[in-house]
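Next comes target-v4.cif, with mmCIF, C-alpha atoms.
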```
data_work
#
loop_
_atom_site.label_atom_id
_atom_site.label_comp_id
_atom_site.auth_asym_id
_atom_site.auth_seq_id
_atom_site.Cartn_x
_atom_site.Cartn_y
_atom_site.Cartn_z
CA MET A 13 17.50 24.35 -0.26
CA ILE A 14 17.30 24.60 -4.06
CA ILE A 15 15.55 21.23 -4.25
CA LYS A 16 13.00 22.36 -1.67
CA LYS A 17 12.32 25.54 -3.64
CA ARG A 18 11.84 23.54 -6.83
CA LEU A 19 9.45 21.18 -5.08
CA ALA A 20 7.50 24.10 -3.68
CA THR A 21 7.35 25.74 -7.11
CA GLY A 22 6.20 22.52 -8.71
CA ALA A 23 3.53 21.98 -6.08
CA PHE A 24 2.29 25.55 -6.53
CA GLY A 25 2.13 25.08 -10.31
CA LEU A 26 0.21 21.82 -9.93
CA LEU A 27 -2.25 23.50 -7.56
CA ALA A 28 -2.71 26.39 -10.02
CA ALA A 29 -3.35 23.95 -12.86
CA VAL A 30 -5.97 22.11 -10.82
CA VAL A 31 -7.70 25.36 -9.88
CA CYS A 32 -7.71 26.56 -13.49
CA GLY A 33 -9.02 23.21 -14.63
CA LEU A 34 -11.88 23.47 -12.16
CA VAL A 35 -12.72 27.12 -12.71
CA PHE A 36 -12.51 27.62 -16.45
CA PRO A 37 -14.57 24.58 -17.53
CA THR A 38 -17.25 25.74 -15.12
CA ALA A 39 -17.14 29.20 -16.65
CA ALA A 40 -17.35 27.70 -20.11
CA VAL A 41 -20.40 25.70 -19.13
CA ALA A 42 -21.97 28.79 -17.65
CA ASP A 43 -21.31 30.68 -20.91
CA ASP A 44 -23.10 27.95 -22.84
CA GLU A 45 -26.30 28.47 -20.83
CA PRO A 46 -28.91 30.49 -22.73
CA ALA A 47 -29.23 34.06 -21.51
CA ARG A 48 -32.56 35.15 -20.09
CA GLU A 49 -34.62 37.15 -22.57
CA SER A 50 -35.18 40.75 -21.50
CA PRO A 51 -38.73 41.45 -20.22
CA LYS A 52 -41.13 43.61 -22.23
CA VAL A 53 -43.34 46.36 -20.82
CA GLU A 54 -45.73 48.67 -22.63
CA LEU A 55 -47.24 51.76 -21.00
CA VAL A 56 -50.72 52.48 -22.39
CA LEU A 57 -51.70 56.09 -21.75
CA ASP A 58 -55.18 57.60 -22.01
CA VAL A 59 -54.95 60.91 -23.93
CA SER A 60 -58.72 61.44 -24.26
CA GLY A 61 -60.37 64.82 -23.73
CA SER A 62 -61.20 64.11 -20.08
CA MET A 63 -57.47 64.20 -19.27
CA ARG A 64 -57.73 68.01 -19.34
CA ALA A 65 -59.36 68.00 -15.87
CA ARG A 66 -57.20 69.82 -13.30
CA ASP A 67 -57.55 67.74 -10.15
CA VAL A 68 -54.12 66.15 -9.61
CA ASP A 69 -52.03 68.30 -7.27
CA GLY A 70 -53.31 71.47 -8.93
CA MET A 71 -52.35 70.39 -12.46
CA SER A 72 -54.18 68.64 -15.27
CA ARG A 73 -54.27 64.85 -15.40
CA MET A 74 -52.32 64.98 -18.64
CA ALA A 75 -49.57 67.15 -17.14
CA ALA A 76 -49.33 64.82 -14.14
CA ALA A 77 -49.02 61.81 -16.45
CA LYS A 78 -46.27 63.49 -18.50
CA GLN A 79 -44.31 64.36 -15.38
CA ALA A 80 -44.63 60.80 -14.10
CA PHE A 81 -43.59 59.37 -17.47
CA ASN A 82 -40.41 61.48 -17.50
CA GLU A 83 -39.46 60.15 -14.06
CA VAL A 84 -40.26 56.60 -15.09
CA LEU A 85 -38.18 56.83 -18.27
CA ASP A 86 -35.19 57.99 -16.24
CA ALA A 87 -35.54 54.96 -13.95
CA VAL A 88 -36.16 52.16 -16.49
CA PRO A 89 -33.75 49.25 -15.79
CA ASP A 90 -31.25 48.59 -18.57
CA ASP A 91 -32.52 45.05 -19.10
CA VAL A 92 -36.16 46.09 -19.73
CA ARG A 93 -37.55 46.69 -23.21
CA LEU A 94 -40.19 49.39 -22.91
CA GLY A 95 -42.77 50.85 -25.29
CA ILE A 96 -45.55 53.44 -25.14
CA ARG A 97 -49.01 53.28 -26.73
CA THR A 98 -51.70 55.95 -26.63
CA LEU A 99 -55.47 55.93 -26.95
CA GLY A 100 -57.56 58.93 -27.92
CA ALA A 101 -54.51 61.02 -28.89
CA ASN A 102 -55.09 61.77 -32.58
CA TYR A 103 -58.77 62.24 -33.49
CA PRO A 104 -60.45 65.37 -32.04
CA GLY A 105 -63.79 64.94 -33.81
CA LYS A 106 -67.18 63.68 -32.65
CA ASP A 107 -67.61 60.72 -34.98
CA ARG A 108 -67.81 57.73 -32.66
CA GLU A 109 -66.76 55.13 -35.24
CA THR A 110 -63.59 57.01 -36.11
CA GLY A 111 -62.80 57.96 -32.52
CA CYS A 112 -63.06 54.37 -31.40
CA LEU A 113 -60.25 53.39 -33.78
CA ASP A 114 -57.85 55.93 -32.29
CA SER A 115 -55.01 53.94 -30.72
CA LYS A 116 -51.42 54.14 -31.88
CA GLN A 117 -47.99 53.05 -30.71
CA LEU A 118 -46.08 56.19 -29.73
CA TYR A 119 -42.73 54.56 -28.97
CA PRO A 120 -41.75 51.01 -30.10
CA VAL A 121 -40.93 48.31 -27.57
CA GLY A 122 -37.17 48.07 -27.17
CA ARG A 123 -34.14 49.55 -25.45
CA VAL A 124 -35.14 53.00 -24.23
CA ASP A 125 -33.69 56.11 -25.81
CA ARG A 126 -34.74 58.47 -23.04
CA THR A 127 -34.40 61.66 -25.09
CA GLU A 128 -36.49 60.31 -27.95
CA ALA A 129 -39.14 58.81 -25.67
CA LYS A 130 -39.50 62.00 -23.60
CA ALA A 131 -39.81 64.09 -26.75
CA ALA A 132 -42.62 61.85 -28.00
CA VAL A 133 -44.50 62.13 -24.70
CA ALA A 134 -44.08 65.91 -24.61
CA THR A 135 -46.08 66.31 -27.84
CA LEU A 136 -49.24 64.70 -26.45
CA ARG A 137 -52.40 66.77 -25.98
CA PRO A 138 -55.76 65.57 -24.58
CA THR A 139 -57.84 64.95 -27.67
CA GLY A 140 -60.45 62.27 -28.24
CA TRP A 141 -62.26 59.10 -27.21
CA THR A 142 -61.34 56.24 -24.85
CA PRO A 143 -61.07 52.93 -26.79
CA ILE A 144 -59.48 50.88 -23.99
CA GLY A 145 -60.38 47.47 -25.43
CA LEU A 146 -58.81 48.35 -28.80
CA ALA A 147 -55.68 49.69 -27.10
CA LEU A 148 -55.22 46.48 -25.07
CA ARG A 149 -55.38 44.37 -28.22
CA GLY A 150 -52.87 46.65 -29.89
CA ALA A 151 -50.52 46.50 -26.91
CA SER A 152 -50.67 42.70 -26.91
CA LYS A 153 -49.51 42.71 -30.54
CA ASP A 154 -46.77 45.20 -29.71
CA LEU A 155 -45.41 42.78 -27.09
CA ALA A 156 -45.82 39.59 -29.17
CA GLY A 157 -42.95 37.24 -29.90
CA GLY A 158 -40.37 35.48 -27.76
CA ASP A 159 -40.64 33.95 -24.30
CA ALA A 160 -39.94 37.04 -22.23
CA THR A 161 -42.09 38.30 -19.37
CA ARG A 162 -44.76 40.63 -20.82
CA ARG A 163 -46.60 43.37 -18.95
CA ILE A 164 -49.06 46.12 -19.91
CA VAL A 165 -49.52 49.11 -17.61
CA LEU A 166 -52.75 50.99 -18.42
CA ILE A 167 -53.12 54.55 -17.13
CA THR A 168 -56.57 56.10 -17.63
CA ASP A 169 -59.04 58.48 -16.01
CA GLY A 170 -62.23 56.98 -17.37
CA GLU A 171 -64.00 53.84 -18.49
CA ASP A 172 -64.13 52.70 -22.11
CA SER A 173 -66.34 55.05 -24.14
CA CYS A 174 -66.68 52.78 -27.16
CA GLY A 175 -68.37 49.64 -25.80
CA LEU A 176 -66.91 47.24 -28.33
CA PRO A 177 -64.63 45.49 -27.88
CA ASP A 178 -65.44 45.30 -24.18
CA PRO A 179 -62.17 45.76 -22.20
CA CYS A 180 -62.98 42.96 -19.75
CA ASP A 181 -63.68 40.55 -22.60
CA VAL A 182 -60.41 41.56 -24.27
CA ALA A 183 -58.51 40.96 -21.01
CA ARG A 184 -60.04 37.48 -20.74
CA GLU A 185 -59.11 36.78 -24.37
CA LEU A 186 -55.51 37.76 -23.67
CA ALA A 187 -55.43 35.52 -20.60
CA ALA A 188 -56.98 32.64 -22.59
CA GLU A 189 -54.15 32.80 -25.14
CA GLY A 190 -51.88 31.25 -22.51
CA THR A 191 -49.03 33.72 -23.06
CA HIS A 192 -49.03 34.80 -19.42
CA LEU A 193 -49.53 38.48 -20.27
CA VAL A 194 -50.25 40.60 -17.17
CA VAL A 195 -52.22 43.84 -17.30
CA ASP A 196 -51.91 46.31 -14.43
CA THR A 197 -54.33 49.26 -14.31
CA LEU A 198 -54.03 52.69 -12.71
CA GLY A 199 -57.06 54.92 -12.37
CA LEU A 200 -56.73 58.71 -12.11
CA THR A 201 -60.21 59.05 -10.65
CA LEU A 202 -62.19 57.49 -7.81
CA ASP A 203 -65.31 56.93 -9.93
CA SER A 204 -66.91 53.58 -9.03
CA LYS A 205 -67.61 52.58 -12.65
CA VAL A 206 -64.01 53.25 -13.63
CA ARG A 207 -62.81 51.26 -10.61
CA ASP A 208 -65.02 48.28 -11.47
CA GLN A 209 -63.87 48.16 -15.09
CA LEU A 210 -60.17 48.55 -14.32
CA SER A 211 -60.42 45.96 -11.54
CA CYS A 212 -62.07 43.54 -13.96
CA ILE A 213 -59.26 44.00 -16.50
CA ALA A 214 -56.56 43.46 -13.88
CA GLU A 215 -58.19 40.43 -12.26
CA ALA A 216 -58.70 38.69 -15.60
CA THR A 217 -54.95 38.68 -16.28
CA GLY A 218 -53.55 38.35 -12.76
CA GLY A 219 -52.60 42.02 -12.55
CA THR A 220 -53.32 44.77 -10.03
CA TYR A 221 -55.56 47.84 -9.89
CA THR A 222 -54.46 51.05 -8.17
CA ALA A 223 -56.37 54.29 -7.67
CA VAL A 224 -54.01 57.28 -8.02
CA GLN A 225 -54.62 60.83 -6.80
CA HIS A 226 -51.13 62.39 -6.69
CA THR A 227 -48.28 62.76 -9.19
CA ASP A 228 -45.62 61.18 -6.98
CA GLN A 229 -47.93 58.25 -6.30
CA LEU A 230 -48.42 57.71 -10.05
CA SER A 231 -44.68 57.83 -10.75
CA THR A 232 -43.83 55.51 -7.87
CA ARG A 233 -46.43 52.93 -8.83
CA ILE A 234 -45.39 52.77 -12.50
CA LYS A 235 -41.75 52.36 -11.48
CA GLN A 236 -42.71 49.50 -9.17
CA LEU A 237 -44.59 47.71 -11.95
CA VAL A 238 -41.73 48.12 -14.43
CA ARG A 239 -39.25 46.74 -11.90
CA ARG A 240 -41.63 43.89 -11.12
CA ALA A 241 -41.53 42.87 -14.78
CA ALA A 242 -37.74 42.81 -14.63
CA GLU A 243 -37.69 40.72 -11.46
CA ALA A 244 -40.46 38.27 -12.37
CA PRO A 245 -39.36 34.71 -13.21
CA VAL A 246 -39.78 33.72 -16.85
CA GLN A 247 -41.88 30.59 -16.73
CA THR A 248 -44.66 30.74 -19.26
CA PRO A 249 -47.24 27.95 -18.93
CA THR A 250 -47.87 25.83 -22.01
CA ALA A 251 -51.40 26.20 -23.33
CA VAL A 252 -53.25 22.86 -23.46
CA ASP A 253 -56.82 21.76 -24.16
CA GLY A 254 -58.17 19.22 -21.71
CA ALA A 255 -60.67 16.62 -22.97
CA GLU A 256 -64.09 15.51 -21.81
CA ALA A 257 -62.86 11.95 -21.23
CA CYS A 258 -59.59 10.28 -20.30
CA ALA A 259 -59.31 8.34 -23.57
CA LYS A 260 -59.17 11.59 -25.58
CA ALA A 261 -57.05 13.56 -23.11
CA PRO A 262 -53.68 15.07 -24.10
CA VAL A 263 -50.55 13.40 -22.71
CA LEU A 264 -48.55 15.75 -20.49
CA GLY A 265 -45.00 15.57 -19.20
CA ALA A 266 -43.50 17.40 -16.27
CA GLY A 267 -44.18 21.12 -16.63
CA LEU A 268 -46.60 24.01 -16.14
CA TYR A 269 -49.80 24.15 -18.22
CA SER A 270 -52.70 26.55 -18.66
CA ASP A 271 -56.26 25.84 -19.77
CA ARG A 272 -59.76 27.30 -19.59
CA GLU A 273 -62.63 25.53 -17.88
CA GLY A 274 -66.30 26.47 -17.97
CA PHE A 275 -68.41 26.75 -14.83
CA GLY A 276 -68.88 23.26 -13.35
CA GLU A 277 -66.88 21.65 -16.16
CA HIS A 278 -64.61 18.57 -15.90
CA ARG A 279 -61.33 18.45 -17.86
CA TRP A 280 -59.12 15.38 -18.34
CA TYR A 281 -55.37 14.99 -18.92
CA ARG A 282 -53.04 11.96 -19.10
CA VAL A 283 -49.60 11.46 -17.56
CA LYS A 284 -47.15 8.56 -18.10
CA VAL A 285 -45.50 7.45 -14.84
CA ALA A 286 -42.95 4.60 -14.72
CA PRO A 287 -42.73 2.11 -11.83
CA GLY A 288 -40.63 3.54 -9.03
CA GLN A 289 -41.71 7.10 -9.80
CA GLU A 290 -44.18 9.39 -8.07
CA LEU A 291 -46.67 11.73 -9.72
CA ARG A 292 -47.17 15.10 -8.08
CA ALA A 293 -49.84 17.35 -9.55
CA SER A 294 -51.61 20.51 -8.48
CA ALA A 295 -54.32 22.64 -10.08
CA SER A 296 -55.26 26.27 -9.49
CA VAL A 297 -58.48 27.88 -10.69
CA ALA A 298 -58.69 31.68 -10.77
CA ALA A 299 -61.91 33.63 -10.33
CA ASP A 300 -61.37 36.33 -12.96
CA ARG A 301 -64.97 37.59 -12.70
CA ALA A 302 -67.76 37.87 -10.14
CA VAL A 303 -68.70 34.43 -8.75
CA ASP A 304 -71.11 33.09 -6.15
CA PRO A 305 -69.71 32.71 -2.61
CA ASP A 306 -69.52 28.88 -2.35
CA TYR A 307 -67.06 27.02 -4.58
CA GLY A 308 -64.55 24.19 -4.69
CA VAL A 309 -61.89 22.53 -6.84
CA LEU A 310 -61.14 18.80 -7.17
CA VAL A 311 -58.18 16.94 -8.68
CA ARG A 312 -58.49 13.15 -9.10
CA ALA A 313 -56.03 10.55 -10.34
CA VAL A 314 -57.60 7.40 -11.85
CA ASN A 315 -56.20 4.49 -13.81
CA GLU A 316 -57.22 3.62 -17.37
CA ARG A 317 -60.00 1.35 -16.08
CA GLY A 318 -61.57 4.27 -14.22
CA ARG A 319 -60.64 3.22 -10.68
CA GLU A 320 -59.82 6.18 -8.49
CA LEU A 321 -56.29 6.14 -7.08
CA VAL A 322 -56.11 9.34 -5.05
CA ARG A 323 -57.74 12.75 -4.91
CA GLY A 324 -57.19 16.24 -3.56
CA SER A 325 -59.86 18.86 -2.96
CA GLU A 326 -60.31 22.34 -1.55
CA ALA A 327 -63.40 24.44 -0.89
CA GLY A 328 -64.04 28.02 0.07
CA SER A 329 -66.64 30.69 0.61
CA GLY A 330 -66.52 34.41 -0.07
CA ARG A 331 -64.46 36.48 -2.46
CA THR A 332 -61.32 34.78 -3.76
CA ASP A 333 -58.73 35.31 -6.46
CA VAL A 334 -57.54 31.73 -6.79
CA ILE A 335 -58.13 28.34 -5.16
CA SER A 336 -55.71 25.41 -5.41
CA THR A 337 -55.34 21.76 -4.49
CA GLY A 338 -52.99 18.89 -5.34
CA LEU A 339 -52.16 15.21 -4.97
CA ARG A 340 -49.30 12.71 -4.88
CA TYR A 341 -49.37 9.14 -6.21
CA PRO A 342 -46.39 6.72 -6.25
CA VAL A 343 -46.34 3.90 -8.80
CA ALA A 344 -45.02 0.73 -7.16
CA GLU A 345 -42.22 -1.17 -8.85
CA GLY A 346 -43.24 -4.39 -10.58
CA ARG A 347 -42.29 -7.82 -9.32
CA GLU A 348 -40.31 -8.49 -12.48
CA VAL A 349 -37.06 -6.54 -12.81
CA GLU A 350 -37.70 -5.85 -16.49
CA ASP A 351 -41.20 -4.53 -15.76
CA SER A 352 -40.55 -0.84 -16.39
CA THR A 353 -43.51 -0.07 -18.65
CA PRO A 354 -44.92 3.40 -17.75
CA ARG A 355 -48.46 3.44 -16.39
CA THR A 356 -51.01 5.85 -17.76
CA ILE A 357 -52.64 7.94 -15.04
CA CYS A 358 -55.63 10.10 -15.87
CA LEU A 359 -55.95 13.45 -14.09
CA GLU A 360 -59.38 15.00 -13.74
CA VAL A 361 -59.64 18.70 -12.85
CA SER A 362 -63.07 20.01 -11.95
CA GLN A 363 -64.50 22.97 -10.06
CA SER A 364 -67.85 23.97 -8.63
CA PHE A 365 -67.80 27.69 -9.32
CA SER A 366 -71.10 29.34 -10.20
CA ALA A 367 -72.01 32.91 -11.03
CA PRO A 368 -75.01 35.21 -11.43
CA ALA A 369 -76.84 35.10 -14.74
CA SER A 370 -75.43 38.50 -15.74
CA VAL A 371 -71.83 37.20 -15.70
CA LYS A 372 -70.40 36.06 -19.05
CA ARG A 373 -69.54 32.38 -19.31
CA THR A 374 -66.94 32.58 -22.08
CA PRO A 375 -64.06 32.19 -22.05
CA GLY A 376 -63.95 29.76 -19.14
CA LEU A 377 -62.13 30.25 -15.85
CA PRO A 378 -58.30 30.19 -16.00
CA VAL A 379 -56.80 26.87 -14.89
CA GLU A 380 -53.10 26.35 -14.19
CA LEU A 381 -51.91 22.75 -13.89
CA ALA A 382 -48.48 21.85 -12.51
CA VAL A 383 -47.18 18.32 -13.18
CA ASN A 384 -44.00 16.87 -11.70
CA ILE A 385 -42.62 13.32 -11.83
CA VAL A 386 -39.95 12.34 -9.30
CA ASP A 387 -38.33 9.18 -7.99
CA ALA A 388 -40.56 7.56 -5.38
CA GLY A 389 -37.78 7.51 -2.79
CA ASP A 390 -39.44 9.78 -0.28
CA PRO A 391 -40.84 7.96 2.75
CA PRO A 392 -44.63 7.71 2.86
CA GLY A 393 -46.45 10.25 4.95
CA ASP A 394 -48.25 7.80 7.28
CA VAL A 395 -47.69 6.51 10.81
CA ALA A 396 -45.62 3.58 9.65
CA ALA A 397 -43.02 5.97 8.27
CA PHE A 398 -41.95 6.81 11.80
CA GLY A 399 -40.67 3.29 12.56
CA LEU A 400 -43.80 1.69 14.09
CA GLY A 401 -44.05 -0.96 11.40
CA ARG A 402 -47.11 -2.58 9.84
CA GLY A 403 -48.74 -5.99 9.16
CA TRP A 404 -49.24 -9.19 11.27
CA VAL A 405 -45.84 -8.94 12.96
CA LEU A 406 -46.73 -5.52 14.35
CA LEU A 407 -50.10 -6.86 15.55
CA ALA A 408 -48.45 -9.80 17.36
CA VAL A 409 -45.85 -7.54 19.02
CA LEU A 410 -48.53 -5.13 20.22
CA THR A 411 -50.67 -8.01 21.57
CA VAL A 412 -47.84 -9.58 23.56
CA THR A 413 -46.69 -6.19 24.86
CA GLY A 414 -50.21 -5.32 25.97
CA LEU A 415 -50.60 -8.67 27.76
CA LEU A 416 -47.32 -8.30 29.66
CA VAL A 417 -48.09 -4.70 30.65
CA GLY A 418 -51.53 -5.78 31.90
CA LEU A 419 -50.12 -8.62 34.01
CA VAL A 420 -47.43 -6.45 35.57
CA TRP A 421 -49.87 -3.64 36.30
CA GLY A 422 -52.37 -6.07 37.87
CA TRP A 423 -49.73 -7.64 40.11
CA LEU A 424 -48.51 -4.21 41.28
CA ALA A 425 -52.05 -3.09 41.97
CA ARG A 426 -52.83 -6.21 44.09
CA TRP A 427 -49.54 -5.87 45.96
CA ARG A 428 -50.26 -2.24 46.84
CA VAL A 429 -53.75 -3.15 48.06
CA THR A 430 -52.35 -5.97 50.26
CA VAL A 431 -49.76 -3.65 51.81
CA TRP A 432 -52.40 -1.00 52.48
CA ARG A 433 -54.68 -3.50 54.27
CA THR A 434 -51.81 -4.80 56.40
CA ASN A 435 -50.84 -1.31 57.52
#
```

Let me see the structure of the file written as structure tokens.
Amino acid sequence: MIIKKRLATGAFGLLAAVVCGLVFPTAAVADDEPARESPKVELVLDVSGSMRARDVDGMSRMAAAKQAFNEVLDAVPDDVRLGIRTLGANYPGKDRETGCLDSKQLYPVGRVDRTEAKAAVATLRPTGWTPIGLALRGASKDLAGGDATRRIVLITDGEDSCGLPDPCDVARELAAEGTHLVVDTLGLTLDSKVRDQLSCIAEATGGTYTAVQHTDQLSTRIKQLVRRAAEAPVQTPTAVDGAEACAKAPVLGAGLYSDREGFGEHRWYRVKVAPGQELRASASVAADRAVDPDYGVLVRAVNERGRELVRGSEAGSGRTDVISTGLRYPVAEGREVEDSTPRTICLEVSQSFSAPASVKRTPGLPVELAVNIVDAGDPPGDVAAFGLGRGWVLLAVLTVTGLLVGLVWGWLARWRVTVWRTN
């Protein structure tokens, strides 16, 4: 009995050692993985004189914004770094030049001290001008640094009153920097000019525009956008400049890239693919401004001698936010075992967007290029992949089979006719 107990104890100890050996190294490996950087969000609030208007649930626009901000600050996730910037909050005068420089960070981007942030918001009074373009540039600088998700939430009741810098142009500049900064806009009025400008800002950066008429709606929407920043995956595309020809094109590896492409422009990139591997590439072009209804995007893979290998294309008509297409190209293994030299494949991305003469051409349309290189082990997507075969052997088999089926069918047909005549 004692021996059995000792054996059982020893077996239990061995099992525990194995389990610990499996669990703790895994935990150690997990601890070595870099922690995700906390997302950054900056709320940009319009404090211009027009925010005195009392048309939001019987209170002024400014009071509604303060109430919403207090609710938002109470609900900010712990892993979000949040800041607040104002525009038109400090200069009450009529000098346009001075008023159009009135944008200041009210609360720095970081872990939220709710008491301090609420106290700062409580001191705001509707004051001056509406330099939206200047405020967006300032907010971008407030969020600079690191690889975290970055989001600006702009709350305003009017369009930019300064003209320069134009808010839409600033939004396109921010998108062209390749930092994947998203600007969401909320309008406290249903004015069509305000809607058009805020929609332009949002579309240029991949954000959203929302018209708000009630306090609870404003609070709910800001909370949603802050949570969205916390939940968004952190995958910032690498900015790259495509070339006008393959020979001058940048060499890309597997990854996600962003570029800008003018209307009707062709951009080239190079990818090294070894024998036995397959290139998978896709390109998306976003319409961040008004465009004509008919458009298309083309992605081609060609070799260094200019011979086309494969292409993918997509076309559309009507209003769109983004249009995408892609391709796959496997590089066959060489006859010689030691032939493992990577092949250079040139990728051409082009689009046929056009726009009215009044639409600005610079910067170009946003392009996002995804490149992946995998082992070419997947079966080809053609009929032969389903076991039907290919080549002269298949042709001979089909010929003989067809001949035999024809002879049998003919004999049966003649036999049935003979029987019918006899009867």

The PyMOL selection byres ((chain A and resi 173) around 7) applied to the shown file, residues as number ranges by chain:
A: 141-143, 171-172, 174-175

Polymer residues at most 8 Å from range 220-231 of chain A, all atoms listed in the file, same-chain spacing of 3 or more positions, as a PyMOL selection string
chain A and resi 68-69+76-77+79-81+83-84+195-202+207+210-211+214-215+234-235

Mind checking which residues fall within 6 Å of Val59 in chain A, counting only C-alpha atoms, ignoring those fewer than 3 positions away in the same chain, and posting them as a VMD selection string?
chain A and resid 99 to 101 138

Need the shell around range 123-131 of chain A: protein/DNA/RNA residues with any atom at most 10 Å away, counting all atoms listed in the file. Skip same-chain ones fewer than 2 positions apart. Format as a PyMOL selection string?
chain A and resi 50+52+78-79+81-96+118-121+133-136

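Computed from the coordinates, the CA of Ile213 in chain A to CA of Val56 in chain A distance equals 13.4 Å.
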
Interatomic distance between CA of Phe365 in chain A and CA of Gly338 in chain A?
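These two atoms are separated by 17.7 Å.
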
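Near range 379-381 of chain A, within 8 Å and counting all atoms listed in the file, sit Pro249, Leu268, Tyr269, Ser270, Asp271, Arg272, Glu273, Ala293, Ser294, Ala295, Ser296, Val297 and Ala298 of chain A; same-chain residues fewer than 6 positions away were not included.
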
Give me the residues near range 279-286 of chain A as a VMD selection string, where near means some atom within 9 Å (using only C-alpha atoms) and where sequence neighbours in that chain fewer than 5 positions away do not count.
chain A and resid 253 to 266 273 291 342 to 345 352 to 362 383 385

Size and centre in Å, one decimal, axis-aligned box, all listed range 86-103 of chain A atoms plus 5 Å per side, as JSON:
```
{"center_x": -45.0, "center_y": 53.6, "center_z": -23.7, "size_x": 37.5, "size_y": 27.2, "size_z": 29.5}
```

Please compute the CA of Gly308 in chain A-CA of Ser325 in chain A distance, one decimal, in Å.
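Rounded to one decimal, the two atoms are 7.3 Å apart.
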
Expected selection from the PyMOL selection byres ((chain A and resi 320) around 12), given as a PyMOL selection string:
chain A and resi 311-319+321-324+341+357-360

I'd like the residues picked by the PyMOL selection byres ((chain A and resi 187) around 10) written out as a PyMOL selection string, using the chain letters and numbers from the file.
chain A and resi 181-186+188-195+216-218+270-272+300+375+377-378

Calculated over all atoms listed in the file, which of the candidates A:Gly274, A:Val409, A:Asp304, A:Cys180 has the smallest distance to Ala367 in chain A?
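Among the listed residues, A:Asp304 lies closest to Ala367 in chain A.
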
Using the incomplete input, complete range 100-114 of chain A to the level of N, CA and C atoms; output as a PDB file, in the frame of the given file.
```
ATOM      1  N   GLY A 100     -56.865  57.639 -27.891  1.00  0.00           N
ATOM      2  CA  GLY A 100     -57.560  58.930 -27.920  1.00  0.00           C
ATOM      3  C   GLY A 100     -56.645  60.111 -28.115  1.00  0.00           C
ATOM      4  N   ALA A 101     -55.493  59.928 -28.777  1.00  0.00           N
ATOM      5  CA  ALA A 101     -54.510  61.020 -28.890  1.00  0.00           C
ATOM      6  C   ALA A 101     -54.538  61.737 -30.235  1.00  0.00           C
ATOM      7  N   ASN A 102     -55.257  61.228 -31.225  1.00  0.00           N
ATOM      8  CA  ASN A 102     -55.090  61.770 -32.580  1.00  0.00           C
ATOM      9  C   ASN A 102     -56.369  62.287 -33.223  1.00  0.00           C
ATOM     10  N   TYR A 103     -57.532  61.822 -32.836  1.00  0.00           N
ATOM     11  CA  TYR A 103     -58.770  62.240 -33.490  1.00  0.00           C
ATOM     12  C   TYR A 103     -59.581  63.142 -32.567  1.00  0.00           C
ATOM     13  N   PRO A 104     -59.724  64.435 -32.910  1.00  0.00           N
ATOM     14  CA  PRO A 104     -60.450  65.370 -32.040  1.00  0.00           C
ATOM     15  C   PRO A 104     -61.927  65.486 -32.353  1.00  0.00           C
ATOM     16  N   GLY A 105     -62.411  64.775 -33.365  1.00  0.00           N
ATOM     17  CA  GLY A 105     -63.790  64.940 -33.810  1.00  0.00           C
ATOM     18  C   GLY A 105     -64.806  64.223 -32.946  1.00  0.00           C
ATOM     19  N   LYS A 106     -66.070  64.259 -33.396  1.00  0.00           N
ATOM     20  CA  LYS A 106     -67.180  63.680 -32.650  1.00  0.00           C
ATOM     21  C   LYS A 106     -67.736  62.409 -33.268  1.00  0.00           C
ATOM     22  N   ASP A 107     -67.143  61.958 -34.353  1.00  0.00           N
ATOM     23  CA  ASP A 107     -67.610  60.720 -34.980  1.00  0.00           C
ATOM     24  C   ASP A 107     -67.150  59.525 -34.148  1.00  0.00           C
ATOM     25  N   ARG A 108     -68.112  58.814 -33.582  1.00  0.00           N
ATOM     26  CA  ARG A 108     -67.810  57.730 -32.660  1.00  0.00           C
ATOM     27  C   ARG A 108     -67.018  56.612 -33.339  1.00  0.00           C
ATOM     28  N   GLU A 109     -67.412  56.250 -34.545  1.00  0.00           N
ATOM     29  CA  GLU A 109     -66.760  55.130 -35.240  1.00  0.00           C
ATOM     30  C   GLU A 109     -65.278  55.429 -35.461  1.00  0.00           C
ATOM     31  N   THR A 110     -64.986  56.646 -35.877  1.00  0.00           N
ATOM     32  CA  THR A 110     -63.590  57.010 -36.110  1.00  0.00           C
ATOM     33  C   THR A 110     -62.826  57.146 -34.802  1.00  0.00           C
ATOM     34  N   GLY A 111     -63.461  57.773 -33.809  1.00  0.00           N
ATOM     35  CA  GLY A 111     -62.800  57.960 -32.520  1.00  0.00           C
ATOM     36  C   GLY A 111     -62.469  56.668 -31.815  1.00  0.00           C
ATOM     37  N   CYS A 112     -63.280  55.656 -32.060  1.00  0.00           N
ATOM     38  CA  CYS A 112     -63.060  54.370 -31.400  1.00  0.00           C
ATOM     39  C   CYS A 112     -62.010  53.513 -32.097  1.00  0.00           C
ATOM     40  N   LEU A 113     -61.382  54.054 -33.122  1.00  0.00           N
ATOM     41  CA  LEU A 113     -60.250  53.390 -33.780  1.00  0.00           C
ATOM     42  C   LEU A 113     -58.947  54.117 -33.483  1.00  0.00           C
ATOM     43  N   ASP A 114     -58.991  55.063 -32.561  1.00  0.00           N
ATOM     44  CA  ASP A 114     -57.850  55.930 -32.290  1.00  0.00           C
ATOM     45  C   ASP A 114     -56.943  55.334 -31.202  1.00  0.00           C
TER      46      ASP A 114
END
```
